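Data block for final.txt (compact mmCIF, C-alpha atoms and all ligand atoms):
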# COMPACT_ATOMS: atom_id res chain seq x y z
CA MET A 1 -82.84 -4.83 -25.43
CA LYS A 2 -82.28 -3.80 -21.79
CA ARG A 3 -83.27 -7.26 -20.66
CA ASN A 4 -80.87 -8.91 -23.12
CA ARG A 5 -78.06 -6.76 -21.86
CA PHE A 6 -78.88 -7.74 -18.29
CA ILE A 7 -78.81 -11.43 -19.19
CA TYR A 8 -75.52 -10.92 -21.00
CA LEU A 9 -73.91 -9.08 -18.02
CA ASN A 10 -75.20 -11.71 -15.65
CA PHE A 11 -73.73 -14.40 -17.86
CA THR A 12 -70.27 -12.78 -18.00
CA PHE A 13 -70.33 -12.28 -14.22
CA MET A 14 -71.11 -15.94 -13.63
CA LEU A 15 -68.48 -16.95 -16.13
CA SER A 16 -65.79 -14.94 -14.34
CA VAL A 17 -66.80 -16.40 -10.95
CA LEU A 18 -66.57 -19.88 -12.43
CA LEU A 19 -63.24 -19.14 -14.07
CA GLY A 20 -61.89 -17.62 -10.86
CA SER A 21 -62.72 -20.68 -8.82
CA VAL A 22 -61.26 -23.02 -11.43
CA LEU A 23 -58.04 -20.99 -11.41
CA LEU A 24 -57.89 -20.98 -7.61
CA ALA A 25 -58.43 -24.72 -7.42
CA GLY A 26 -55.76 -25.22 -10.08
CA CYS A 27 -53.07 -23.42 -8.12
CA GLY A 28 -54.14 -24.97 -4.84
CA GLY A 29 -55.26 -21.62 -3.47
CA SER A 30 -58.08 -21.00 -1.06
CA THR A 31 -60.28 -18.20 0.02
CA THR A 32 -59.13 -16.82 3.32
CA SER A 33 -60.83 -14.61 5.81
CA THR A 34 -59.70 -13.14 9.08
CA GLY A 35 -61.31 -14.70 12.13
CA SER A 36 -62.08 -12.92 15.40
CA THR A 37 -58.58 -13.74 16.71
CA GLY A 38 -56.96 -12.15 13.67
CA ALA A 39 -55.66 -15.55 12.55
CA SER A 40 -56.13 -16.44 8.92
CA VAL A 41 -58.77 -19.10 8.33
CA THR A 42 -58.67 -21.17 5.17
CA THR A 43 -61.56 -22.93 3.55
CA CYS A 44 -59.46 -26.10 3.23
CA GLY A 45 -59.16 -26.58 6.99
CA ASN A 46 -57.20 -25.28 9.94
CA PRO A 47 -54.65 -26.71 9.37
CA PRO A 48 -55.42 -27.65 5.75
CA LYS A 49 -56.57 -31.21 5.19
CA LEU A 50 -54.41 -33.55 3.12
CA SER A 51 -55.80 -33.67 -0.37
CA LYS A 52 -54.96 -37.38 -0.74
CA SER A 53 -53.66 -40.19 1.44
CA THR A 54 -51.43 -42.33 -0.80
CA GLY A 55 -48.79 -41.61 -3.43
CA LEU A 56 -48.15 -38.18 -1.95
CA LYS A 57 -45.60 -35.71 -3.22
CA ILE A 58 -43.67 -34.69 -0.11
CA GLY A 59 -41.55 -31.54 0.05
CA PHE A 60 -38.82 -31.50 2.70
CA SER A 61 -37.16 -28.20 3.58
CA GLN A 62 -33.88 -28.70 5.43
CA ASN A 63 -32.20 -25.70 7.08
CA ILE A 64 -28.58 -26.82 6.50
CA SER A 65 -26.77 -30.10 5.80
CA ASN A 66 -23.45 -29.52 7.52
CA SER A 67 -23.16 -32.26 10.14
CA PRO A 68 -23.65 -35.98 10.70
CA TRP A 69 -26.87 -35.13 12.58
CA ARG A 70 -28.39 -33.33 9.57
CA LEU A 71 -27.24 -36.01 7.11
CA ALA A 72 -28.85 -38.70 9.27
CA GLU A 73 -32.05 -36.64 9.36
CA ASN A 74 -32.06 -36.16 5.56
CA LYS A 75 -31.66 -39.90 5.06
CA SER A 76 -34.43 -40.64 7.54
CA MET A 77 -36.83 -38.28 5.73
CA GLU A 78 -36.02 -39.77 2.34
CA ASP A 79 -36.26 -43.36 3.64
CA GLY A 80 -39.62 -42.51 5.23
CA ALA A 81 -40.98 -41.26 1.91
CA LYS A 82 -39.79 -44.44 0.17
CA ALA A 83 -41.36 -46.67 2.81
CA ALA A 84 -44.65 -44.80 2.46
CA GLY A 85 -44.56 -44.98 -1.35
CA ASP A 86 -44.41 -41.19 -1.60
CA SER A 87 -42.29 -39.10 -3.93
CA PHE A 88 -39.77 -36.79 -2.30
CA VAL A 89 -38.36 -33.36 -3.14
CA MET A 90 -35.77 -31.81 -0.83
CA THR A 91 -34.29 -28.33 -0.52
CA ASP A 92 -31.33 -27.16 1.59
CA ALA A 93 -31.24 -23.59 2.89
CA GLY A 94 -27.52 -23.52 3.73
CA GLY A 95 -28.18 -21.97 7.14
CA GLN A 96 -30.02 -18.88 5.81
CA ASP A 97 -33.56 -17.98 6.93
CA ALA A 98 -34.23 -16.03 3.71
CA LYS A 99 -33.15 -18.97 1.58
CA GLN A 100 -35.35 -21.34 3.56
CA VAL A 101 -38.36 -19.05 3.05
CA SER A 102 -37.79 -19.05 -0.71
CA ASP A 103 -37.17 -22.82 -0.67
CA ILE A 104 -40.55 -23.37 0.98
CA GLN A 105 -42.18 -21.02 -1.50
CA SER A 106 -40.66 -23.01 -4.34
CA LEU A 107 -41.95 -26.29 -2.86
CA ILE A 108 -45.41 -24.72 -2.58
CA SER A 109 -45.33 -23.77 -6.25
CA GLN A 110 -44.27 -27.32 -7.14
CA ASN A 111 -47.67 -28.36 -5.71
CA VAL A 112 -46.43 -30.74 -3.04
CA ASN A 113 -49.25 -32.46 -1.11
CA ALA A 114 -47.55 -32.01 2.27
CA LEU A 115 -44.55 -30.10 3.56
CA ILE A 116 -42.04 -31.33 6.12
CA VAL A 117 -40.04 -28.38 7.41
CA ALA A 118 -37.01 -28.34 9.72
CA PRO A 119 -36.98 -24.58 10.38
CA LEU A 120 -33.64 -22.89 11.04
CA THR A 121 -35.04 -20.52 13.65
CA GLN A 122 -38.26 -20.05 15.60
CA THR A 123 -39.35 -16.94 13.73
CA GLY A 124 -37.43 -16.98 10.43
CA GLU A 125 -39.68 -19.38 8.50
CA VAL A 126 -43.07 -18.41 9.98
CA SER A 127 -44.12 -16.35 6.93
CA ALA A 128 -43.51 -19.36 4.66
CA ILE A 129 -45.35 -21.74 7.02
CA LEU A 130 -48.36 -19.40 6.87
CA ALA A 131 -48.04 -19.13 3.08
CA ALA A 132 -48.23 -22.92 2.82
CA LYS A 133 -51.40 -22.90 4.91
CA LYS A 134 -52.87 -20.29 2.60
CA ALA A 135 -52.02 -22.52 -0.37
CA CYS A 136 -53.88 -25.41 1.36
CA ILE A 137 -50.74 -27.46 2.03
CA PRO A 138 -50.47 -29.03 5.50
CA VAL A 139 -47.10 -28.45 7.18
CA PHE A 140 -45.37 -30.87 9.56
CA LEU A 141 -42.49 -29.28 11.49
CA VAL A 142 -39.65 -31.62 12.40
CA ASP A 143 -36.57 -31.28 14.63
CA ARG A 144 -37.10 -27.56 15.41
CA ASP A 145 -40.32 -25.77 16.27
CA ALA A 146 -41.74 -22.33 15.40
CA ASP A 147 -42.69 -19.55 17.79
CA HIS A 148 -46.22 -20.44 18.96
CA THR A 149 -47.23 -16.80 19.31
CA LEU A 150 -46.74 -16.43 15.55
CA ALA A 151 -47.82 -19.85 14.25
CA LYS A 152 -49.75 -22.45 16.19
CA PRO A 153 -49.54 -26.24 15.96
CA GLY A 154 -52.94 -27.77 15.31
CA GLN A 155 -53.99 -24.57 13.56
CA ASP A 156 -51.33 -23.10 11.29
CA TYR A 157 -49.30 -26.32 11.02
CA VAL A 158 -50.23 -29.84 11.97
CA THR A 159 -47.64 -30.73 14.58
CA PHE A 160 -44.06 -30.48 15.80
CA VAL A 161 -42.21 -33.81 15.66
CA GLY A 162 -39.09 -33.60 17.83
CA SER A 163 -37.28 -33.98 21.13
CA ASP A 164 -37.84 -32.43 24.54
CA PHE A 165 -34.92 -29.99 24.48
CA VAL A 166 -35.43 -28.74 28.05
CA LYS A 167 -35.30 -32.29 29.38
CA GLN A 168 -32.16 -33.12 27.36
CA ALA A 169 -30.33 -30.17 28.93
CA GLN A 170 -31.59 -31.02 32.43
CA LEU A 171 -30.19 -34.53 32.04
CA VAL A 172 -26.77 -33.18 30.98
CA ALA A 173 -26.82 -30.77 33.94
CA ASP A 174 -27.70 -33.61 36.36
CA SER A 175 -24.73 -35.68 35.17
CA ILE A 176 -22.39 -32.72 35.56
CA ILE A 177 -23.72 -31.78 39.00
CA LYS A 178 -23.17 -35.36 40.15
CA ALA A 179 -19.67 -35.68 38.68
CA THR A 180 -18.45 -32.37 40.12
CA ASN A 181 -20.28 -32.58 43.45
CA GLY A 182 -21.97 -29.35 42.52
CA GLN A 183 -18.70 -27.39 42.22
CA ALA A 184 -18.01 -26.12 38.73
CA LYS A 185 -16.81 -23.19 36.68
CA ILE A 186 -18.63 -23.69 33.41
CA ILE A 187 -18.19 -22.49 29.84
CA GLU A 188 -21.50 -22.78 28.02
CA LEU A 189 -21.41 -23.08 24.23
CA GLU A 190 -24.89 -22.34 22.92
CA GLY A 191 -26.55 -23.46 19.69
CA THR A 192 -27.62 -21.31 16.72
CA SER A 193 -29.19 -18.13 18.03
CA GLY A 194 -32.98 -18.13 17.64
CA ALA A 195 -33.30 -21.90 17.07
CA THR A 196 -35.68 -23.78 19.39
CA PRO A 197 -33.08 -26.29 20.62
CA ALA A 198 -30.61 -23.47 21.32
CA ILE A 199 -33.16 -21.48 23.33
CA LEU A 200 -34.62 -24.42 25.26
CA ARG A 201 -31.33 -26.23 25.94
CA LYS A 202 -29.90 -23.08 27.49
CA GLN A 203 -33.08 -22.61 29.52
CA GLY A 204 -33.08 -26.24 30.67
CA PHE A 205 -29.43 -26.25 31.70
CA ASP A 206 -29.34 -22.83 33.36
CA ASN A 207 -32.49 -23.55 35.40
CA GLU A 208 -31.27 -26.96 36.50
CA ILE A 209 -28.00 -25.67 37.96
CA LYS A 210 -29.62 -22.61 39.61
CA SER A 211 -30.32 -24.40 42.86
CA HIS A 212 -26.62 -25.35 43.17
CA PRO A 213 -24.71 -22.26 44.29
CA GLY A 214 -21.35 -23.90 43.53
CA MET A 215 -22.24 -24.25 39.83
CA GLN A 216 -21.22 -21.09 38.05
CA ILE A 217 -21.43 -20.25 34.34
CA VAL A 218 -18.40 -18.03 33.71
CA ALA A 219 -19.07 -17.49 29.99
CA SER A 220 -21.83 -18.28 27.55
CA GLN A 221 -21.51 -17.92 23.77
CA ASP A 222 -23.29 -18.88 20.56
CA ALA A 223 -21.23 -21.47 18.65
CA ASN A 224 -23.87 -22.07 15.95
CA PHE A 225 -24.07 -25.87 16.57
CA ASP A 226 -20.81 -25.96 14.61
CA ARG A 227 -17.54 -27.77 15.40
CA ASP A 228 -15.05 -25.23 14.13
CA THR A 229 -16.95 -22.22 15.46
CA ALA A 230 -16.93 -23.91 18.87
CA ARG A 231 -13.20 -24.64 18.62
CA GLN A 232 -12.41 -21.01 17.88
CA LYS A 233 -14.73 -19.60 20.57
CA MET A 234 -13.35 -22.05 23.09
CA GLN A 235 -9.77 -21.11 22.27
CA THR A 236 -10.51 -17.44 23.08
CA LEU A 237 -12.66 -18.23 26.12
CA LEU A 238 -9.95 -20.44 27.62
CA GLN A 239 -7.54 -17.52 27.65
CA ALA A 240 -9.96 -15.44 29.70
CA HIS A 241 -11.05 -18.38 31.91
CA PRO A 242 -8.15 -20.80 32.26
CA ASP A 243 -9.61 -22.24 35.47
CA VAL A 244 -12.83 -23.70 34.02
CA ASN A 245 -13.49 -27.34 34.83
CA VAL A 246 -16.69 -27.92 32.80
CA VAL A 247 -17.87 -27.30 29.25
CA TYR A 248 -21.56 -27.62 28.49
CA ALA A 249 -22.01 -27.68 24.70
CA ALA A 250 -25.41 -27.54 22.97
CA ASN A 251 -24.46 -30.40 20.62
CA ASP A 252 -21.77 -33.03 20.12
CA GLU A 253 -20.22 -31.14 17.17
CA GLU A 254 -19.55 -28.19 19.49
CA ALA A 255 -18.19 -30.58 22.12
CA GLN A 256 -15.77 -31.94 19.50
CA GLY A 257 -14.59 -28.38 18.81
CA ALA A 258 -14.17 -27.75 22.55
CA ILE A 259 -12.15 -30.96 22.97
CA ALA A 260 -9.80 -29.86 20.16
CA ALA A 261 -9.32 -26.41 21.76
CA LEU A 262 -8.69 -27.92 25.20
CA LYS A 263 -6.05 -30.27 23.79
CA ALA A 264 -4.40 -27.39 21.91
CA ALA A 265 -4.25 -25.46 25.20
CA GLY A 266 -2.48 -28.37 26.90
CA LYS A 267 -5.51 -29.46 28.95
CA VAL A 268 -6.76 -33.01 29.28
CA PRO A 269 -10.44 -33.25 28.32
CA GLY A 270 -12.28 -35.63 30.63
CA LYS A 271 -9.79 -34.96 33.46
CA ASP A 272 -9.01 -31.25 33.78
CA VAL A 273 -12.28 -30.30 32.14
CA LEU A 274 -15.47 -32.40 32.05
CA ILE A 275 -17.61 -32.13 28.92
CA GLY A 276 -21.32 -32.70 28.55
CA SER A 277 -23.39 -32.27 25.40
CA ILE A 278 -26.33 -33.45 23.35
CA ASP A 279 -27.00 -35.56 20.21
CA GLY A 280 -25.40 -39.00 20.68
CA GLU A 281 -23.45 -38.84 17.43
CA THR A 282 -20.67 -41.37 16.75
CA ALA A 283 -17.89 -38.86 17.49
CA GLY A 284 -19.48 -38.10 20.87
CA LEU A 285 -19.83 -41.78 21.71
CA GLN A 286 -16.18 -42.38 20.80
CA SER A 287 -15.10 -39.46 23.00
CA ILE A 288 -17.06 -40.94 25.90
CA ILE A 289 -15.45 -44.36 25.33
CA ALA A 290 -12.01 -42.67 25.23
CA GLY A 291 -12.76 -40.98 28.57
CA GLN A 292 -12.71 -37.48 27.08
CA GLN A 293 -16.42 -36.72 27.36
CA LEU A 294 -18.63 -37.27 30.40
CA VAL A 295 -22.07 -37.49 28.86
CA SER A 296 -24.12 -37.07 25.70
CA VAL A 297 -27.90 -37.06 25.82
CA THR A 298 -29.36 -38.21 22.53
CA SER A 299 -31.33 -36.00 20.19
CA ASN A 300 -32.43 -38.61 17.73
CA PRO A 301 -32.22 -37.26 14.14
CA ARG A 302 -34.11 -40.25 12.74
CA LEU A 303 -37.44 -38.48 12.92
CA GLY A 304 -38.74 -39.91 9.63
CA SER A 305 -40.84 -42.74 11.01
CA LEU A 306 -42.65 -40.46 13.49
CA ALA A 307 -43.13 -37.77 10.83
CA TYR A 308 -44.59 -40.11 8.19
CA GLN A 309 -46.77 -41.79 10.83
CA ALA A 310 -48.14 -38.34 11.70
CA ILE A 311 -48.79 -37.68 8.00
CA ALA A 312 -50.60 -41.04 7.61
CA ASP A 313 -52.67 -40.44 10.74
CA TYR A 314 -53.56 -36.96 9.59
CA ALA A 315 -54.59 -38.24 6.15
CA SER A 316 -56.87 -40.84 7.71
CA GLY A 317 -58.58 -38.23 9.88
CA LYS A 318 -57.03 -39.27 13.22
CA THR A 319 -56.14 -36.54 15.69
CA VAL A 320 -52.44 -35.75 15.64
CA PRO A 321 -51.13 -34.21 18.89
CA ALA A 322 -49.59 -30.72 18.72
CA TRP A 323 -46.26 -32.26 19.73
CA VAL A 324 -45.11 -35.74 18.71
CA ILE A 325 -42.30 -36.33 21.19
CA MET A 326 -39.13 -38.20 20.26
CA GLN A 327 -37.85 -40.04 23.35
CA ASP A 328 -34.15 -39.63 24.10
CA LYS A 329 -31.51 -41.54 26.09
CA VAL A 330 -28.48 -40.70 28.23
CA TYR A 331 -25.10 -42.01 27.03
CA THR A 332 -22.26 -42.33 29.55
CA LYS A 333 -19.21 -44.60 29.86
CA ASP A 334 -21.60 -47.32 31.09
CA ASN A 335 -23.49 -47.70 27.80
CA ALA A 336 -21.54 -45.80 25.10
CA GLN A 337 -19.81 -48.87 23.66
CA ALA A 338 -23.06 -50.84 23.44
CA ASN A 339 -24.75 -47.94 21.66
CA LEU A 340 -21.99 -47.20 19.18
CA VAL A 341 -24.09 -48.99 16.54
CA ASN A 342 -26.79 -46.35 17.02
CA GLY A 343 -24.41 -43.48 16.30
CA PHE A 344 -24.40 -41.38 13.14
O1 LIG A 401 -29.02 -31.18 18.17
C1 LIG A 401 -27.95 -30.26 16.31
C2 LIG A 401 -28.41 -29.66 15.09
O2 LIG A 401 -32.28 -29.11 15.69
C3 LIG A 401 -32.37 -30.86 17.23
O3 LIG A 401 -29.63 -29.08 15.47
C4 LIG A 401 -31.60 -30.21 16.17
C5 LIG A 401 -30.18 -29.78 16.56
C6 LIG A 401 -29.19 -30.89 16.84
O4 LIG A 401 -27.58 -28.81 14.43
O5 LIG A 401 -26.89 -31.14 16.22
Could you spell out this file's structure in structure tokens?
Ligand code: GYE
Amino acid sequence: MKRNRFIYLNFTFMLSVLLGSVLLAGCGGSTTSTGSTGASVTTCGNPPKLSKSTGLKIGFSQNISNSPWRLAENKSMEDGAKAAGDSFVMTDAGGQDAKQVSDIQSLISQNVNALIVAPLTQTGEVSAILAAKKACIPVFLVDRDADHTLAKPGQDYVTFVGSDFVKQAQLVADSIIKATNGQAKIIELEGTSGATPAILRKQGFDNEIKSHPGMQIVASQDANFDRDTARQKMQTLLQAHPDVNVVYAANDEEAQGAIAALKAAGKVPGKDVLIGSIDGETAGLQSIIAGQQLVSVTSNPRLGSLAYQAIADYASGKTVPAWVIMQDKVYTKDNAQANLVNGF
């Protein structure tokens, strides 16, 4: 009797173990443990391996779709999926970290094979990136990176596909230093607070002008990478600093806002005030051609081909570098017209 009971208990135990693992596999879960570094380690790889290599279901989490840059990026991601023969689901967080976290969670529960995430900020989406890892879904960050002290490329996510933001800002600074002979009173319009390109573009610009004592930043404000926010901030800043002769804007949309505010204040952009920014969007190129903007360094939004190449390489077991760098160009009056076709 005792022996029968033992066999029975043993049987139910084994049955529940079996059932548990079937359930876990079904929802794409994994067993996790905490390694010596405190980082979570999944049984499906660090980062998780791709469960298949063709006919993937790709989830793309966009942080906001409010500008030509973002629309060009969305198209590039969708086109890339088509070209690869993958299916594509996209979410749009409307500029809210909390919404982007729940978007990513929803893509995880839709059992996507891989996630492409354009995080709004460096820290805001980290919890969701780690949740995807836990659910055995490899994550590819595009356009903006995450804080490496909280989530590491090559470990928690596969890679960051995007531009060298420090270099972009250095190139803008170099153009401005040259055009002003190192004498400038500058208004700096920053990008969305906490976003990688905002942080690194400020760092790159501020460091580059440091060795030129005649280059002085008189005011620096967050304009959220947004045209109308920049216009309003610029309007107020111009009242306090009517003698500025340079605007450095973190993207072309902000530069467009600054140009509008300068015109409204009776100033001639491109003459009274030189403007430098980043992106290479059509509006920026047209402003350069019209003599109203000095320079725009590209930040190519068409990251799809690099992203899907990284996914294909990862699926075939090739090593994907922690950073897949998008190469950028400098647009000035010398090449703006010829590159108008590359605008967006
Ligand atoms: O420069 C800007 C956008 O994250 C690199 O974000 C991107 C930047 C881009 O809003 O226009």
Counting all atoms listed in the file, which residues of chain A fall within 8 Å of ligand LIG 401 (chain A), and what is the closest atom pair for each with its distance in Å at one decimal, ordered by chain and rising number, as CSV?
residue,atom,partner,partner_atom,distance
A:Ser67,CA,A:LIG401,O4,7.1
A:Trp69,CA,A:LIG401,O5,5.4
A:Arg70,CA,A:LIG401,C2,6.6
A:Ala118,CA,A:LIG401,O2,7.7
A:Leu120,CA,A:LIG401,O2,7.9
A:Asp143,CA,A:LIG401,O2,4.9
A:Arg144,CA,A:LIG401,O2,5.1
A:Gly162,CA,A:LIG401,C3,7.3
A:Ser163,CA,A:LIG401,C3,7.0
A:Phe165,CA,A:LIG401,C3,7.7
A:Gly191,CA,A:LIG401,O4,7.6
A:Thr192,CA,A:LIG401,O4,7.8
A:Ala195,CA,A:LIG401,O2,7.4
A:Thr196,CA,A:LIG401,O2,7.3
A:Pro197,CA,A:LIG401,C3,5.7
A:Ala198,CA,A:LIG401,C5,7.9
A:Asn224,CA,A:LIG401,O4,7.8
A:Phe225,CA,A:LIG401,O4,5.1
A:Asp226,CA,A:LIG401,O4,7.3
A:Ala250,CA,A:LIG401,O1,7.0
A:Asn251,CA,A:LIG401,O5,5.1
A:Asp252,CA,A:LIG401,O5,6.7
A:Glu253,CA,A:LIG401,O5,6.7
A:Ile278,CA,A:LIG401,O1,6.3
A:Asp279,CA,A:LIG401,O1,5.2
A:Ser299,CA,A:LIG401,O1,5.7
A:Asn300,CA,A:LIG401,C3,7.8
A:Pro301,CA,A:LIG401,C3,7.1
Using all atoms listed in the file, pick whichever of A:Met234, A:Ala131, A:Leu200, A:Val126 has the shortest atom-to-atom distance to A:Gln170. A:Leu200
Within 7 Å of A:Val330, counting only C-alpha atoms, which residues show up once you throw out same-chain ones fewer than 6 positions away? Write them as a count of residues only, please. 3
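Residues lying within 9 Å of A:Val268, counting all atoms listed in the file and ignoring same-chain neighbours fewer than 5 positions away, are Ile259, Leu262, Lys263, Val273 and Gln292 of chain A.
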Could you check which of A:Ser193, A:Gln286, A:Gln256, A:Ser305 is closest to A:Ser76, using all atoms listed in the file?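 Smallest separation from A:Ser76 among the options: A:Ser305.
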Can you measure atom CA of A:Ile129 to atom CA of A:Asp164 for me? One decimal in Å is fine.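 Answer for the atom CA of A:Ile129 to atom CA of A:Asp164 separation: 21.9 Å.
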Restricting the calculation to all atoms listed in the file: of A:Ala260, A:Ala307, A:Val117, A:Leu171, which residue gets closest to A:Thr332?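 With all atoms listed in the file as the atom set, the closest residue is A:Leu171.
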Measuring between all atoms listed in the file, which one of A:Asn181, A:Ser316, A:Asn46, A:Gln293 shows the shortest distance to A:Thr159?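 Result for the nearest residue to A:Thr159: A:Asn46.
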What is the distance between atom CA of A:Ala338 and atom CA of A:Gly280, in Å to one decimal?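 About the pair atom CA of A:Ala338 and atom CA of A:Gly280: they are 12.4 Å apart.
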Using only C-alpha atoms, pick whichever of A:Gly204, A:Gly94, A:Gly284, A:Gly276 has the shortest atom-to-atom distance to A:Asn66.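 Comparing A:Gly204, A:Gly94, A:Gly284, A:Gly276 against A:Asn66, the winner is A:Gly94.
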Suppose you want the space between atom CA of A:Ser87 and atom CA of A:Gln122; what is it in Å?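 Computing it gives 27.6 Å between the two atoms.
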Name the residues in contact with A:Leu238 at a cut-off of 10 Å, using all atoms listed in the file, excluding same-chain residues fewer than 5 positions from it; report them as a PyMOL selection string. chain A and resi 187+219+233+243-244+258+261-262+265
Identify, on the basis of only C-alpha atoms, every residue whose closest approach to A:Ala132 does not exceed 8 Å; exclude the query and any residue fewer than 6 positions from it along the same chain; express the result as a VMD selection string. chain A and resid 104 to 105 108 138 to 139
Within 9 Å of A:Ala84, counting only C-alpha atoms, which residues qualify if same-chain residues fewer than 5 places away don't, as a list in words?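 My list of contacting residues is Thr54, Gly55, Leu56, Asp79, Tyr308 and Ala312 of chain A.
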Can I get the selection written as a compact mmCIF listing (two decimals), in the coordinates of the input, with C-alpha atoms?
# COMPACT_ATOMS: atom_id res chain seq x y z
CA THR A 54 -51.43 -42.33 -0.80
CA GLY A 55 -48.79 -41.61 -3.43
CA LEU A 56 -48.15 -38.18 -1.95
CA ASP A 79 -36.26 -43.36 3.64
CA TYR A 308 -44.59 -40.11 8.19
CA ALA A 312 -50.60 -41.04 7.61
Restricting the calculation to only C-alpha atoms, which member of A:Ile58, A:Ala83, A:Val172, A:Leu340 is positioned closest to A:Glu281?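 Of A:Ile58, A:Ala83, A:Val172, A:Leu340, the one nearest A:Glu281, counting only C-alpha atoms, is A:Leu340.
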Missing atoms in stretch 212-223 of chain A need filling: write out N, CA and C atoms for it as a PDB file, in the coordinates of the input.
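New file selection.pdb:
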ATOM      1  N   HIS A 212     -27.938 -24.912  42.666  1.00  0.00           N
ATOM      2  CA  HIS A 212     -26.620 -25.350  43.170  1.00  0.00           C
ATOM      3  C   HIS A 212     -25.673 -24.162  43.132  1.00  0.00           C
ATOM      4  N   PRO A 213     -25.504 -23.497  44.278  1.00  0.00           N
ATOM      5  CA  PRO A 213     -24.710 -22.260  44.290  1.00  0.00           C
ATOM      6  C   PRO A 213     -23.262 -22.438  43.851  1.00  0.00           C
ATOM      7  N   GLY A 214     -22.741 -23.668  43.936  1.00  0.00           N
ATOM      8  CA  GLY A 214     -21.350 -23.900  43.530  1.00  0.00           C
ATOM      9  C   GLY A 214     -21.183 -24.067  42.022  1.00  0.00           C
ATOM     10  N   MET A 215     -22.303 -24.090  41.295  1.00  0.00           N
ATOM     11  CA  MET A 215     -22.240 -24.250  39.830  1.00  0.00           C
ATOM     12  C   MET A 215     -22.320 -22.861  39.204  1.00  0.00           C
ATOM     13  N   GLN A 216     -21.273 -22.462  38.539  1.00  0.00           N
ATOM     14  CA  GLN A 216     -21.220 -21.090  38.050  1.00  0.00           C
ATOM     15  C   GLN A 216     -20.878 -21.058  36.551  1.00  0.00           C
ATOM     16  N   ILE A 217     -21.735 -20.411  35.771  1.00  0.00           N
ATOM     17  CA  ILE A 217     -21.430 -20.250  34.340  1.00  0.00           C
ATOM     18  C   ILE A 217     -20.569 -19.008  34.194  1.00  0.00           C
ATOM     19  N   VAL A 218     -19.305 -19.182  33.794  1.00  0.00           N
ATOM     20  CA  VAL A 218     -18.400 -18.030  33.710  1.00  0.00           C
ATOM     21  C   VAL A 218     -18.484 -17.347  32.345  1.00  0.00           C
ATOM     22  N   ALA A 219     -18.909 -18.088  31.323  1.00  0.00           N
ATOM     23  CA  ALA A 219     -19.070 -17.490  29.990  1.00  0.00           C
ATOM     24  C   ALA A 219     -20.054 -18.307  29.189  1.00  0.00           C
ATOM     25  N   SER A 220     -20.817 -17.615  28.359  1.00  0.00           N
ATOM     26  CA  SER A 220     -21.830 -18.280  27.550  1.00  0.00           C
ATOM     27  C   SER A 220     -21.825 -17.659  26.164  1.00  0.00           C
ATOM     28  N   GLN A 221     -21.590 -18.496  25.127  1.00  0.00           N
ATOM     29  CA  GLN A 221     -21.510 -17.920  23.770  1.00  0.00           C
ATOM     30  C   GLN A 221     -22.162 -18.814  22.729  1.00  0.00           C
ATOM     31  N   ASP A 222     -22.675 -18.165  21.686  1.00  0.00           N
ATOM     32  CA  ASP A 222     -23.290 -18.880  20.560  1.00  0.00           C
ATOM     33  C   ASP A 222     -22.188 -19.496  19.691  1.00  0.00           C
ATOM     34  N   ALA A 223     -22.221 -20.821  19.529  1.00  0.00           N
ATOM     35  CA  ALA A 223     -21.230 -21.470  18.650  1.00  0.00           C
ATOM     36  C   ALA A 223     -21.931 -22.125  17.455  1.00  0.00           C
TER      37      ALA A 223
END
